[in-house]
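Okay, structure.csv now, which holds CSV, C-alpha atoms and all ligand atoms:
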chain,number,residue,atom,x,y,z
A,1302,MET,CA,94.3,-118.6,59.2
A,1303,ASN,CA,94.1,-118.3,62.9
A,1304,GLN,CA,90.4,-117.7,63.1
A,1305,PRO,CA,89.2,-117.9,66.7
A,1306,ALA,CA,85.9,-119.5,67.6
A,1307,THR,CA,82.9,-117.2,68.0
A,1308,GLY,CA,83.2,-115.2,71.2
A,1309,VAL,CA,86.8,-116.0,71.6
A,1310,PRO,CA,89.1,-113.0,71.2
A,1311,PRO,CA,92.2,-113.0,69.0
A,1312,VAL,CA,95.4,-113.9,70.8
A,1313,LEU,CA,98.3,-111.5,70.6
A,1314,LEU,CA,101.8,-112.3,71.5
A,1315,THR,CA,104.2,-109.7,72.9
A,1316,ILE,CA,107.9,-110.4,73.0
A,1317,ALA,CA,109.4,-107.7,75.2
A,1318,GLY,CA,111.0,-106.7,78.4
A,1319,PHE,CA,109.4,-106.4,81.9
A,1320,ASP,CA,109.0,-103.1,83.6
A,1321,PRO,CA,108.2,-103.6,87.3
A,1322,SER,CA,106.3,-100.2,87.4
A,1323,ALA,CA,104.1,-101.6,84.6
A,1324,GLY,CA,104.1,-98.5,82.6
A,1325,ALA,CA,106.2,-99.9,79.7
A,1326,GLY,CA,107.1,-103.3,78.3
A,1327,ILE,CA,105.0,-106.4,78.5
A,1328,ALA,CA,102.7,-105.1,81.2
A,1329,ALA,CA,101.8,-102.1,79.0
A,1330,ASP,CA,101.4,-104.4,76.0
A,1331,LEU,CA,99.1,-106.8,77.8
A,1332,LYS,CA,96.9,-103.9,79.1
A,1333,THR,CA,96.7,-102.5,75.6
A,1334,PHE,CA,95.6,-105.8,74.1
A,1335,ALA,CA,93.0,-106.2,76.8
A,1336,ALA,CA,91.7,-102.7,76.3
A,1337,HIS,CA,91.2,-103.7,72.6
A,1338,ASN,CA,89.3,-106.9,73.7
A,1339,CYS,CA,92.1,-109.1,72.7
A,1340,TYR,CA,93.8,-111.8,74.7
A,1341,GLY,CA,97.5,-111.2,75.3
A,1342,VAL,CA,100.3,-113.7,76.0
A,1343,ALA,CA,103.9,-112.7,76.6
A,1344,ALA,CA,107.4,-114.0,76.3
A,1345,VAL,CA,109.9,-112.0,78.4
A,1346,THR,CA,113.2,-111.0,76.9
A,1347,ALA,CA,114.7,-109.0,79.9
A,1348,VAL,CA,113.9,-107.9,83.4
A,1349,THR,CA,114.5,-104.2,83.9
A,1350,ILE,CA,115.1,-102.4,87.2
A,1351,GLN,CA,112.9,-99.5,86.6
A,1352,SER,CA,110.3,-97.2,88.1
A,1353,THR,CA,108.4,-94.2,86.8
A,1354,ARG,CA,111.7,-92.4,87.3
A,1355,GLY,CA,113.4,-94.4,84.5
A,1356,VAL,CA,115.5,-97.5,83.8
A,1357,LYS,CA,118.3,-98.2,86.3
A,1358,GLY,CA,119.4,-101.6,85.2
A,1359,VAL,CA,118.8,-104.5,82.8
A,1360,GLN,CA,119.1,-108.2,83.2
A,1361,PRO,CA,118.5,-109.9,79.8
A,1362,VAL,CA,116.9,-113.4,79.7
A,1363,SER,CA,119.0,-116.0,78.0
A,1364,ALA,CA,118.3,-117.0,74.4
A,1365,GLU,CA,117.5,-120.5,75.6
A,1366,VAL,CA,114.9,-119.4,78.1
A,1367,LEU,CA,113.4,-117.0,75.5
A,1368,ARG,CA,113.2,-119.8,72.9
A,1369,ALA,CA,111.7,-122.2,75.4
A,1370,GLN,CA,108.9,-119.7,76.3
A,1371,LEU,CA,108.1,-119.1,72.7
A,1372,GLU,CA,108.1,-122.8,71.7
A,1373,GLU,CA,105.8,-123.7,74.5
A,1374,LEU,CA,103.4,-120.9,73.8
A,1375,ILE,CA,103.1,-121.3,70.0
A,1376,LYS,CA,102.5,-125.0,70.3
A,1377,ASP,CA,99.5,-124.1,72.4
A,1378,VAL,CA,97.8,-121.0,71.2
A,1379,PRO,CA,97.0,-119.6,67.8
A,1380,VAL,CA,98.7,-116.2,67.5
A,1381,ALA,CA,96.9,-113.6,65.4
A,1382,ALA,CA,99.6,-110.9,65.7
A,1383,VAL,CA,103.0,-110.4,67.3
A,1384,LYS,CA,104.4,-107.3,68.9
A,1385,ILE,CA,108.1,-107.1,69.4
A,1386,GLY,CA,109.6,-104.6,71.8
A,1387,MET,CA,112.8,-104.6,73.8
A,1388,LEU,CA,115.0,-107.6,73.0
A,1389,GLY,CA,118.1,-107.0,75.1
A,1390,THR,CA,120.7,-109.0,73.2
A,1391,ARG,CA,121.8,-110.1,69.8
A,1392,ALA,CA,121.1,-113.7,70.8
A,1393,ASN,CA,117.5,-112.8,71.6
A,1394,VAL,CA,117.2,-111.1,68.2
A,1395,GLN,CA,118.3,-114.3,66.5
A,1396,VAL,CA,115.7,-116.4,68.5
A,1397,VAL,CA,113.0,-114.0,67.3
A,1398,ALA,CA,114.2,-113.9,63.7
A,1399,GLU,CA,114.2,-117.8,63.6
A,1400,LEU,CA,110.7,-117.9,65.1
A,1401,LEU,CA,109.3,-115.4,62.5
A,1402,GLU,CA,111.1,-117.2,59.6
A,1403,LYS,CA,109.6,-120.5,60.8
A,1404,LYS,CA,106.1,-119.5,61.7
A,1405,LYS,CA,104.5,-117.1,59.3
A,1406,PHE,CA,102.3,-115.0,61.7
A,1407,PRO,CA,99.6,-112.9,60.0
A,1408,PHE,CA,100.9,-109.6,61.5
A,1409,VAL,CA,104.2,-108.6,63.1
A,1410,VAL,CA,104.7,-105.1,64.6
A,1411,LEU,CA,108.3,-104.4,65.5
A,1412,ASP,CA,109.1,-101.6,67.9
A,1413,PRO,CA,112.9,-101.4,67.6
A,1414,VAL,CA,113.6,-100.4,71.2
A,1415,LEU,CA,117.2,-99.4,71.4
A,1416,LYS,CA,117.8,-97.2,74.4
A,1417,ALA,CA,115.9,-96.0,77.5
A,1418,THR,CA,115.3,-92.2,78.0
A,1419,SER,CA,118.1,-92.4,80.6
A,1420,GLY,CA,120.5,-93.5,77.8
A,1421,LEU,CA,120.8,-97.1,79.1
A,1422,GLU,CA,121.1,-99.7,76.3
A,1423,LEU,CA,118.0,-101.9,75.9
A,1424,LEU,CA,119.6,-103.7,73.0
A,1425,ASP,CA,123.4,-104.4,72.8
A,1426,ALA,CA,125.4,-102.9,69.9
A,1427,THR,CA,125.7,-106.2,67.9
A,1428,GLY,CA,122.0,-106.7,68.5
A,1429,VAL,CA,121.2,-103.5,66.7
A,1430,LYS,CA,123.1,-104.7,63.6
A,1431,GLU,CA,121.3,-108.1,63.8
A,1432,LEU,CA,117.9,-106.5,64.2
A,1433,SER,CA,118.6,-104.3,61.1
A,1434,LYS,CA,119.8,-107.2,59.1
A,1435,ARG,CA,117.2,-109.9,60.0
A,1436,LEU,CA,114.1,-108.4,61.7
A,1437,LEU,CA,113.3,-105.3,59.6
A,1438,GLY,CA,112.2,-107.5,56.7
A,1439,LEU,CA,110.1,-109.8,58.8
A,1440,ALA,CA,107.8,-107.2,60.2
A,1441,THR,CA,104.5,-106.0,58.7
A,1442,VAL,CA,105.3,-102.5,60.1
A,1443,ILE,CA,108.1,-101.0,62.3
A,1444,THR,CA,107.5,-98.2,64.7
A,1445,PRO,CA,110.8,-96.4,65.6
A,1446,ASN,CA,110.9,-93.1,67.3
A,1447,ILE,CA,113.2,-90.4,65.7
A,1448,ALA,CA,116.3,-91.5,67.6
A,1449,GLU,CA,115.8,-95.1,66.7
A,1450,ALA,CA,115.0,-94.3,63.1
A,1451,ALA,CA,118.3,-92.2,62.9
A,1452,VAL,CA,120.4,-95.1,64.2
A,1453,LEU,CA,118.7,-97.7,61.9
A,1454,SER,CA,118.8,-95.6,58.8
A,1455,GLY,CA,122.2,-94.0,59.4
A,1456,LEU,CA,120.6,-90.6,58.6
A,1457,GLU,CA,120.5,-87.5,60.7
A,1458,ILE,CA,116.8,-86.6,61.1
A,1459,LYS,CA,115.7,-83.0,61.1
A,1460,GLY,CA,112.0,-82.2,61.0
A,1461,GLU,CA,109.3,-83.8,58.9
A,1462,GLU,CA,111.3,-83.9,55.7
A,1463,GLY,CA,114.1,-85.7,57.6
A,1464,MET,CA,111.5,-88.2,59.0
A,1465,LYS,CA,110.2,-88.9,55.4
A,1466,ALA,CA,113.7,-89.5,54.1
A,1467,ALA,CA,114.5,-91.9,57.0
A,1468,ALA,CA,111.2,-93.7,56.4
A,1469,GLN,CA,112.2,-94.2,52.8
A,1470,LYS,CA,115.6,-95.4,53.7
A,1471,LEU,CA,114.2,-97.9,56.2
A,1472,ARG,CA,112.0,-99.3,53.4
A,1473,GLU,CA,115.1,-99.6,51.2
A,1474,LEU,CA,116.7,-101.5,54.1
A,1475,GLY,CA,113.9,-104.1,54.0
A,1476,ALA,CA,111.0,-102.7,56.2
A,1477,ARG,CA,107.6,-103.2,54.5
A,1478,ALA,CA,106.0,-100.3,56.2
A,1479,VAL,CA,107.3,-97.7,58.6
A,1480,VAL,CA,105.8,-95.3,61.2
A,1481,ILE,CA,108.4,-92.9,62.7
A,1482,THR,CA,106.9,-91.4,65.8
A,1483,GLY,CA,107.6,-87.8,66.6
A,1484,GLY,CA,105.6,-87.5,69.8
A,1485,ASP,CA,108.4,-85.6,71.5
A,1486,LEU,CA,108.6,-82.9,68.9
A,1487,GLU,CA,107.5,-79.3,69.6
A,1488,LYS,CA,104.9,-79.9,66.9
A,1489,PRO,CA,104.3,-83.7,67.2
A,1490,VAL,CA,104.0,-85.5,63.9
A,1491,ASP,CA,104.2,-89.2,63.0
A,1492,VAL,CA,105.3,-90.2,59.5
A,1493,PHE,CA,103.8,-93.2,57.9
A,1494,TYR,CA,105.3,-94.8,54.7
A,1495,ASP,CA,104.2,-98.0,53.1
A,1496,GLY,CA,106.0,-97.7,49.8
A,1497,THR,CA,103.1,-95.8,48.1
A,1498,THR,CA,102.2,-92.8,50.1
A,1499,CYS,CA,104.3,-91.0,52.7
A,1500,THR,CA,101.7,-89.6,55.1
A,1501,PRO,CA,102.3,-87.2,58.0
A,1502,PHE,CA,99.9,-87.7,60.9
A,1503,GLY,CA,99.9,-84.5,62.9
A,1504,GLY,CA,98.5,-83.9,66.3
A,1505,GLU,CA,98.2,-81.4,69.1
A,1506,ARG,CA,100.7,-81.6,71.9
A,1507,VAL,CA,99.0,-83.4,74.9
A,1508,LYS,CA,99.9,-81.6,78.1
A,1509,SER,CA,100.6,-84.5,80.5
A,1510,GLU,CA,103.5,-85.8,82.5
A,1511,ASN,CA,102.0,-89.3,82.4
A,1512,THR,CA,103.6,-90.6,79.3
A,1513,HIS,CA,105.6,-93.7,80.5
A,1514,GLY,CA,105.2,-96.5,78.0
A,1515,THR,CA,103.7,-94.5,75.2
A,1516,GLY,CA,105.7,-96.3,72.5
A,1517,CYS,CA,104.8,-99.7,73.9
A,1518,ALA,CA,101.1,-98.9,73.9
A,1519,PHE,CA,101.3,-97.4,70.4
A,1520,SER,CA,102.9,-100.5,68.8
A,1521,SER,CA,100.6,-102.9,70.7
A,1522,ALA,CA,97.5,-101.0,69.7
A,1523,ILE,CA,98.6,-101.2,66.0
A,1524,ALA,CA,99.0,-105.0,66.5
A,1525,ALA,CA,95.6,-105.3,68.1
A,1526,ASN,CA,93.9,-103.3,65.4
A,1527,LEU,CA,95.5,-105.4,62.7
A,1528,ALA,CA,94.4,-108.6,64.5
A,1529,LEU,CA,90.9,-107.2,64.6
A,1530,GLY,CA,90.9,-106.8,60.8
A,1531,ARG,CA,91.7,-103.2,60.2
A,1532,GLN,CA,93.9,-102.0,57.3
A,1533,LEU,CA,97.4,-100.9,58.3
A,1534,ASP,CA,96.8,-97.1,57.8
A,1535,ASP,CA,93.6,-97.3,59.8
A,1536,ALA,CA,95.3,-99.4,62.4
A,1537,VAL,CA,98.0,-96.7,62.8
A,1538,MET,CA,95.5,-93.9,63.0
A,1539,LEU,CA,93.3,-95.7,65.6
A,1540,ALA,CA,96.4,-96.5,67.6
A,1541,LYS,CA,97.4,-92.9,67.6
A,1542,ALA,CA,94.0,-91.8,68.8
A,1543,TYR,CA,94.0,-94.5,71.5
A,1544,VAL,CA,97.4,-93.4,72.8
A,1545,ARG,CA,96.5,-89.8,72.8
A,1546,LYS,CA,93.5,-90.4,75.0
A,1547,ALA,CA,95.3,-92.8,77.2
A,1548,ILE,CA,97.9,-90.1,77.8
A,1549,GLU,CA,95.3,-87.5,78.5
A,1550,ARG,CA,93.7,-89.8,81.1
A,1551,GLY,CA,97.1,-91.0,82.4
A,1552,TYR,CA,97.6,-91.6,86.1
A,1553,PRO,CA,99.9,-89.4,88.3
A,1554,ILE,CA,101.4,-92.5,89.9
A,1555,GLY,CA,105.0,-92.5,91.1
A,1556,LYS,CA,107.6,-89.7,91.3
A,1557,GLY,CA,108.6,-89.7,87.7
A,1558,LYS,CA,106.6,-90.0,84.5
A,1559,GLY,CA,103.3,-91.7,85.3
A,1560,PRO,CA,101.7,-94.5,83.3
A,1561,LEU,CA,99.0,-94.1,80.6
A,1562,ASN,CA,95.5,-95.1,81.5
A,1563,HIS,CA,95.1,-98.0,79.1
A,1564,PHE,CA,91.5,-98.6,80.1
A,1565,TYR,CA,89.9,-95.2,79.7
A,1566,ARG,CA,87.4,-96.6,77.3
A,1567,GLN,CA,86.2,-99.2,79.7
A,1568,GLN,CA,85.9,-96.6,82.5
A,1569,ASN,CA,84.1,-93.8,80.7
A,1570,GLY,CA,83.0,-91.7,83.7
A,1571,GLN,CA,81.4,-94.1,86.1
A,1572,MET,CA,84.5,-95.5,87.5
A,1573,ALA,CA,86.3,-92.2,87.8
A,1574,HIS,CA,85.7,-91.8,91.6
A,1575,SER,CA,85.6,-95.5,92.6
A,1576,HIS,CA,89.2,-95.3,93.9
A,1577,SER,CA,88.5,-92.9,96.6
A,1578,THR,CA,87.2,-95.5,99.1
A,1579,HIS,CA,90.3,-96.4,101.1
A,1580,VAL,CA,90.4,-100.0,102.3
A,1581,PRO,CA,93.0,-100.3,105.1
A,1582,ALA,CA,95.7,-103.0,104.5
A,1583,GLU,CA,95.4,-106.1,106.7
A,1584,GLY,CA,98.2,-107.4,108.9
A,1585,PRO,CA,100.6,-105.7,111.3
A,1586,ALA,CA,101.0,-102.0,110.9
A,1587,HIS,CA,104.8,-102.2,110.8
A,1588,ALA,CA,105.6,-105.3,108.7
A,1589,MET,CA,109.2,-106.3,108.4
A,1590,SER,CA,110.9,-104.6,105.5
A,1591,HIS,CA,114.3,-104.5,103.9
A,1592,PHE,CA,113.7,-101.1,102.4
A,1601,LIG,O1,109.8,-97.6,75.8
A,1601,LIG,C1,110.7,-98.5,75.5
A,1601,LIG,C2,110.8,-99.6,76.5
A,1601,LIG,C3,110.3,-100.8,76.2
A,1601,LIG,N1,110.3,-101.9,77.0
A,1601,LIG,C4,110.8,-101.8,78.2
A,1601,LIG,C5,111.4,-100.6,78.6
A,1601,LIG,C6,111.3,-99.5,77.8
A,1601,LIG,C7,111.9,-98.2,78.2
A,1601,LIG,O2,112.4,-98.0,79.2
A,1601,LIG,O3,111.9,-100.5,79.8
A,1601,LIG,C8,110.9,-103.0,79.1

Step by step, read the file and then write its structure as structure tokens.
Amino acid sequence: MNQPATGVPPVLLTIAGFDPSAGAGIAADLKTFAAHNCYGVAAVTAVTIQSTRGVKGVQPVSAEVLRAQLEELIKDVPVAAVKIGMLGTRANVQVVAELLEKKKFPFVVLDPVLKATSGLELLDATGVKELSKRLLGLATVITPNIAEAAVLSGLEIKGEEGMKAAAQKLRELGARAVVITGGDLEKPVDVFYDGTTCTPFGGERVKSENTHGTGCAFSSAIAANLALGRQLDDAVMLAKAYVRKAIERGYPIGKGKGPLNHFYRQQNGQMAHSHSTHVPAEGPAHAMSHF
């Protein structure tokens, strides 16, 4: 097993896209790992053109470059858990499937990211089929939202009963365990199914506009909790509680949906006002700009 030396945190690998506004994607994943006292490494699958106002464009990384990043990393560091997010292309799905088949990582959390809220594709159409065929069965748990679960299961999902039926269907399609997230519902509920019990995890609606990257933080927090030795159902519940608080304490940064506060636990009160001291930027007041 990948048992780190005393005092050395578990290493978690995220394979995901880059969001320059750092609310979603690998930046969110690395912050979530760090907030759980884990060390994060990342292989980038795509660069997105994005702000808190949404995804405007996507430039996938080639399969060769993704493979090279992964090969270099896994020769070097012992990976305790993998989180998979946006993959971009079918070719990148294949690279990840080959990696997971070759290296048996202790835990794999698959967030099957298909589309941005704006409707832009974050995985191409043939990639969706490939993910369904090859990746579902290689994950410890998958964390689709309702729209993603509907696409992957082929079922129309209405309410909690629909979520349960889709979770069962996704198990039939090869997933070992499924959490369908319903955070956007009027009455938010997540449905967890591991083949034995189908458990709804309800929660109160959190009033916040700062929800950018919620799915990324949730799946990463599950991966961190698994690497730290928790059972899957506990890992899911702890991740849900973490994300809820991180949303409540989220930052009103940017003109769209602000990011979560991944580090609320580390801050706990004493740092709350430390941002008010304004340090003037150095250099000329009117630097050259293309913008
Ligand atoms: O939340 C899904 C997601 C994951 N990863 C990246 C994204 C998004 C949504 O926009 O941009 C990089």

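Taking atom CA of Ile1385 of chain A and atom CA of Leu1411 of chain A as endpoints, the distance between them is 4.7 Å.
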
Listing only residues of chain A within 6 Å of ligand LIG 1601 (chain A), what is the closest atom pair and its distance in Å (to one decimal) for each, using all atoms listed in the file, sorted by chain and residue number ascending, as CSV?
residue,atom,partner,partner_atom,distance
A:Gly1318,CA,A:LIG1601,C8,3.8
A:Phe1319,CA,A:LIG1601,C8,4.7
A:Asp1320,CA,A:LIG1601,C8,4.9
A:Ala1325,CA,A:LIG1601,C4,5.2
A:Gly1326,CA,A:LIG1601,N1,3.7
A:Val1356,CA,A:LIG1601,O2,5.6
A:Gly1386,CA,A:LIG1601,C3,5.9
A:Met1387,CA,A:LIG1601,N1,4.9
A:Val1414,CA,A:LIG1601,C1,5.5
A:Ala1417,CA,A:LIG1601,O2,4.4
A:Gly1514,CA,A:LIG1601,O1,5.2
A:Gly1516,CA,A:LIG1601,O1,5.4
A:Cys1517,CA,A:LIG1601,O1,5.7

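Using all atoms listed in the file, the smallest distance between any of A:Ala1426, A:Val1378, A:Val1342, A:Ile1443 and Val1479 of chain A comes from A:Ile1443.
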
(message) Which residues are close to segment 1464-1467 of chain A, i.e. within 9 Å by only C-alpha atoms, leaving aside same-chain residues fewer than 2 positions away? Reply as a VMD selection string.
(response) chain A and resid 1447 1450 to 1451 1453 to 1462 1469 to 1472 1481 to 1483 1491 to 1494 1499 to 1501

Output C-alpha atoms of each residue in that selection to a file, as a PDB file, keeping the file's coordinate frame.
ATOM      1  CA  ILE A1447     113.200 -90.400  65.700  1.00  0.00           C
ATOM      2  CA  ALA A1450     115.000 -94.300  63.100  1.00  0.00           C
ATOM      3  CA  ALA A1451     118.300 -92.200  62.900  1.00  0.00           C
ATOM      4  CA  LEU A1453     118.700 -97.700  61.900  1.00  0.00           C
ATOM      5  CA  SER A1454     118.800 -95.600  58.800  1.00  0.00           C
ATOM      6  CA  GLY A1455     122.200 -94.000  59.400  1.00  0.00           C
ATOM      7  CA  LEU A1456     120.600 -90.600  58.600  1.00  0.00           C
ATOM      8  CA  GLU A1457     120.500 -87.500  60.700  1.00  0.00           C
ATOM      9  CA  ILE A1458     116.800 -86.600  61.100  1.00  0.00           C
ATOM     10  CA  LYS A1459     115.700 -83.000  61.100  1.00  0.00           C
ATOM     11  CA  GLY A1460     112.000 -82.200  61.000  1.00  0.00           C
ATOM     12  CA  GLU A1461     109.300 -83.800  58.900  1.00  0.00           C
ATOM     13  CA  GLU A1462     111.300 -83.900  55.700  1.00  0.00           C
ATOM     14  CA  GLN A1469     112.200 -94.200  52.800  1.00  0.00           C
ATOM     15  CA  LYS A1470     115.600 -95.400  53.700  1.00  0.00           C
ATOM     16  CA  LEU A1471     114.200 -97.900  56.200  1.00  0.00           C
ATOM     17  CA  ARG A1472     112.000 -99.300  53.400  1.00  0.00           C
ATOM     18  CA  ILE A1481     108.400 -92.900  62.700  1.00  0.00           C
ATOM     19  CA  THR A1482     106.900 -91.400  65.800  1.00  0.00           C
ATOM     20  CA  GLY A1483     107.600 -87.800  66.600  1.00  0.00           C
ATOM     21  CA  ASP A1491     104.200 -89.200  63.000  1.00  0.00           C
ATOM     22  CA  VAL A1492     105.300 -90.200  59.500  1.00  0.00           C
ATOM     23  CA  PHE A1493     103.800 -93.200  57.900  1.00  0.00           C
ATOM     24  CA  TYR A1494     105.300 -94.800  54.700  1.00  0.00           C
ATOM     25  CA  CYS A1499     104.300 -91.000  52.700  1.00  0.00           C
ATOM     26  CA  THR A1500     101.700 -89.600  55.100  1.00  0.00           C
ATOM     27  CA  PRO A1501     102.300 -87.200  58.000  1.00  0.00           C
TER      28      PRO A1501
END

(message) Here's a test: counting only C-alpha atoms, identify every protein, DNA and RNA residue with an atom at most 7 Å from (98.7, -115.4, 69.3) in the file's coordinate frame, and state them as a PyMOL selection string.
(response) chain A and resi 1311-1314+1378-1383

(message) Measuring between all atoms listed in the file, which one of A:Gly1555, A:Ala1364, A:Thr1333, A:Asp1535 shows the shortest distance to Gln1351 of chain A?
(response) A:Gly1555

Could you add all heavy atoms to segment 1393-1401 of chain A and give me the result as a PDB file, keeping the file's coordinate frame?
ATOM      1  N   ASN A1393     118.961-112.852  71.516  1.00  0.00           N
ATOM      2  CA  ASN A1393     117.500-112.800  71.600  1.00  0.00           C
ATOM      3  C   ASN A1393     116.912-112.351  70.208  1.00  0.00           C
ATOM      4  O   ASN A1393     115.855-112.826  69.783  1.00  0.00           O
ATOM      5  CB  ASN A1393     117.004-111.929  72.694  1.00  0.00           C
ATOM      6  CG  ASN A1393     117.122-112.617  74.045  1.00  0.00           C
ATOM      7  OD1 ASN A1393     117.348-113.831  74.107  1.00  0.00           O
ATOM      8  ND2 ASN A1393     116.983-111.858  75.118  1.00  0.00           N
ATOM      9  N   VAL A1394     117.617-111.457  69.523  1.00  0.00           N
ATOM     10  CA  VAL A1394     117.200-111.100  68.200  1.00  0.00           C
ATOM     11  C   VAL A1394     117.178-112.283  67.266  1.00  0.00           C
ATOM     12  O   VAL A1394     116.246-112.501  66.487  1.00  0.00           O
ATOM     13  CB  VAL A1394     118.109-109.952  67.583  1.00  0.00           C
ATOM     14  CG1 VAL A1394     117.747-109.666  66.130  1.00  0.00           C
ATOM     15  CG2 VAL A1394     118.041-108.680  68.412  1.00  0.00           C
ATOM     16  N   GLN A1395     118.220-113.100  67.393  1.00  0.00           N
ATOM     17  CA  GLN A1395     118.300-114.300  66.500  1.00  0.00           C
ATOM     18  C   GLN A1395     117.186-115.279  66.830  1.00  0.00           C
ATOM     19  O   GLN A1395     116.600-115.849  65.899  1.00  0.00           O
ATOM     20  CB  GLN A1395     119.676-114.976  66.761  1.00  0.00           C
ATOM     21  CG  GLN A1395     120.802-114.165  66.146  1.00  0.00           C
ATOM     22  CD  GLN A1395     122.178-114.683  66.523  1.00  0.00           C
ATOM     23  OE1 GLN A1395     122.383-115.200  67.614  1.00  0.00           O
ATOM     24  NE2 GLN A1395     123.132-114.523  65.620  1.00  0.00           N
ATOM     25  N   VAL A1396     116.848-115.458  68.097  1.00  0.00           N
ATOM     26  CA  VAL A1396     115.700-116.400  68.500  1.00  0.00           C
ATOM     27  C   VAL A1396     114.438-115.870  67.809  1.00  0.00           C
ATOM     28  O   VAL A1396     113.687-116.658  67.223  1.00  0.00           O
ATOM     29  CB  VAL A1396     115.571-116.426  70.005  1.00  0.00           C
ATOM     30  CG1 VAL A1396     114.272-117.114  70.384  1.00  0.00           C
ATOM     31  CG2 VAL A1396     116.757-117.137  70.633  1.00  0.00           C
ATOM     32  N   VAL A1397     114.216-114.572  67.882  1.00  0.00           N
ATOM     33  CA  VAL A1397     113.000-114.000  67.300  1.00  0.00           C
ATOM     34  C   VAL A1397     112.972-114.109  65.809  1.00  0.00           C
ATOM     35  O   VAL A1397     111.946-114.457  65.199  1.00  0.00           O
ATOM     36  CB  VAL A1397     112.760-112.561  67.830  1.00  0.00           C
ATOM     37  CG1 VAL A1397     111.580-111.910  67.140  1.00  0.00           C
ATOM     38  CG2 VAL A1397     112.556-112.551  69.342  1.00  0.00           C
ATOM     39  N   ALA A1398     114.116-113.848  65.196  1.00  0.00           N
ATOM     40  CA  ALA A1398     114.200-113.900  63.700  1.00  0.00           C
ATOM     41  C   ALA A1398     113.905-115.389  63.286  1.00  0.00           C
ATOM     42  O   ALA A1398     113.135-115.606  62.336  1.00  0.00           O
ATOM     43  CB  ALA A1398     115.577-113.508  63.248  1.00  0.00           C
ATOM     44  N   GLU A1399     114.475-116.354  63.983  1.00  0.00           N
ATOM     45  CA  GLU A1399     114.200-117.800  63.600  1.00  0.00           C
ATOM     46  C   GLU A1399     112.730-118.102  63.782  1.00  0.00           C
ATOM     47  O   GLU A1399     112.153-118.786  62.935  1.00  0.00           O
ATOM     48  CB  GLU A1399     115.045-118.698  64.535  1.00  0.00           C
ATOM     49  CG  GLU A1399     116.489-118.812  64.082  1.00  0.00           C
ATOM     50  CD  GLU A1399     117.407-119.331  65.186  1.00  0.00           C
ATOM     51  OE1 GLU A1399     116.924-120.053  66.091  1.00  0.00           O
ATOM     52  OE2 GLU A1399     118.605-119.004  65.148  1.00  0.00           O
ATOM     53  N   LEU A1400     112.127-117.604  64.850  1.00  0.00           N
ATOM     54  CA  LEU A1400     110.700-117.900  65.100  1.00  0.00           C
ATOM     55  C   LEU A1400     109.858-117.304  63.923  1.00  0.00           C
ATOM     56  O   LEU A1400     108.982-117.984  63.376  1.00  0.00           O
ATOM     57  CB  LEU A1400     110.257-117.229  66.395  1.00  0.00           C
ATOM     58  CG  LEU A1400     108.758-117.258  66.664  1.00  0.00           C
ATOM     59  CD1 LEU A1400     108.327-118.630  67.169  1.00  0.00           C
ATOM     60  CD2 LEU A1400     108.343-116.191  67.678  1.00  0.00           C
ATOM     61  N   LEU A1401     110.152-116.044  63.544  1.00  0.00           N
ATOM     62  CA  LEU A1401     109.300-115.400  62.500  1.00  0.00           C
ATOM     63  C   LEU A1401     109.578-116.028  61.140  1.00  0.00           C
ATOM     64  O   LEU A1401     108.664-116.048  60.300  1.00  0.00           O
ATOM     65  CB  LEU A1401     109.662-113.888  62.441  1.00  0.00           C
ATOM     66  CG  LEU A1401     109.375-113.069  63.701  1.00  0.00           C
ATOM     67  CD1 LEU A1401     109.684-111.598  63.448  1.00  0.00           C
ATOM     68  CD2 LEU A1401     107.942-113.221  64.182  1.00  0.00           C
TER      69      LEU A1401
END
